[in-house]
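Have a look at the structure below, then the notes.
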Amino acid sequence: MQAIARANRIYPGKDFGLIVDYNGMLKSLREALAQYALGDEAGGEEEIVARSMERVKALLAAIEETEAHLA
């Protein structure tokens, strides 16, 4: 969200920013904004942010896949 907000800021000599969604992040951004907008009203006990160890495992898997691809 910060990158989009910064790219859209105007500045002398800059009327607008161009945001290119190379990897389909717009869908994830919309989902995140929807969760943020619901706040505590969502009523669920589901965590919005993944636990850090889940993210570490995903990172390690991505590194392994990258190394295998480059080999």
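Just remember, in the structure tokens the first chain shown is A, the second B, etc., residues are 1-based per chain, and ligands are 1-based in the order shown.
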Residues near A:Asn8, cut-off 10 Å, only C-alpha atoms, skip fewer than 4 positions along chain, as JSON, numbers by chain: {"A": [2, 3, 4, 14, 15, 16, 17, 18, 19]}
Just asking: which residues within chain A are helix (DSSP H, G or I) according to DSSP, as a PyMOL selection string? chain A and resi 2-7+25-42+52-70
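Going from atom CA of A:Asp21 to atom CA of A:Ala7 covers 12.6 Å.
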Between atom CA of A:His69 and atom CA of A:Arg51, what distance in Å does the model show, to one decimal?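 Distance reported for this atom pair: 27.3 Å.
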Quick one: distance from atom CA of A:Ala61 to atom CA of A:Val20 in Å, one decimal?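 Interatomic distance, atom CA of A:Ala61 to atom CA of A:Val20: 27.0 Å.
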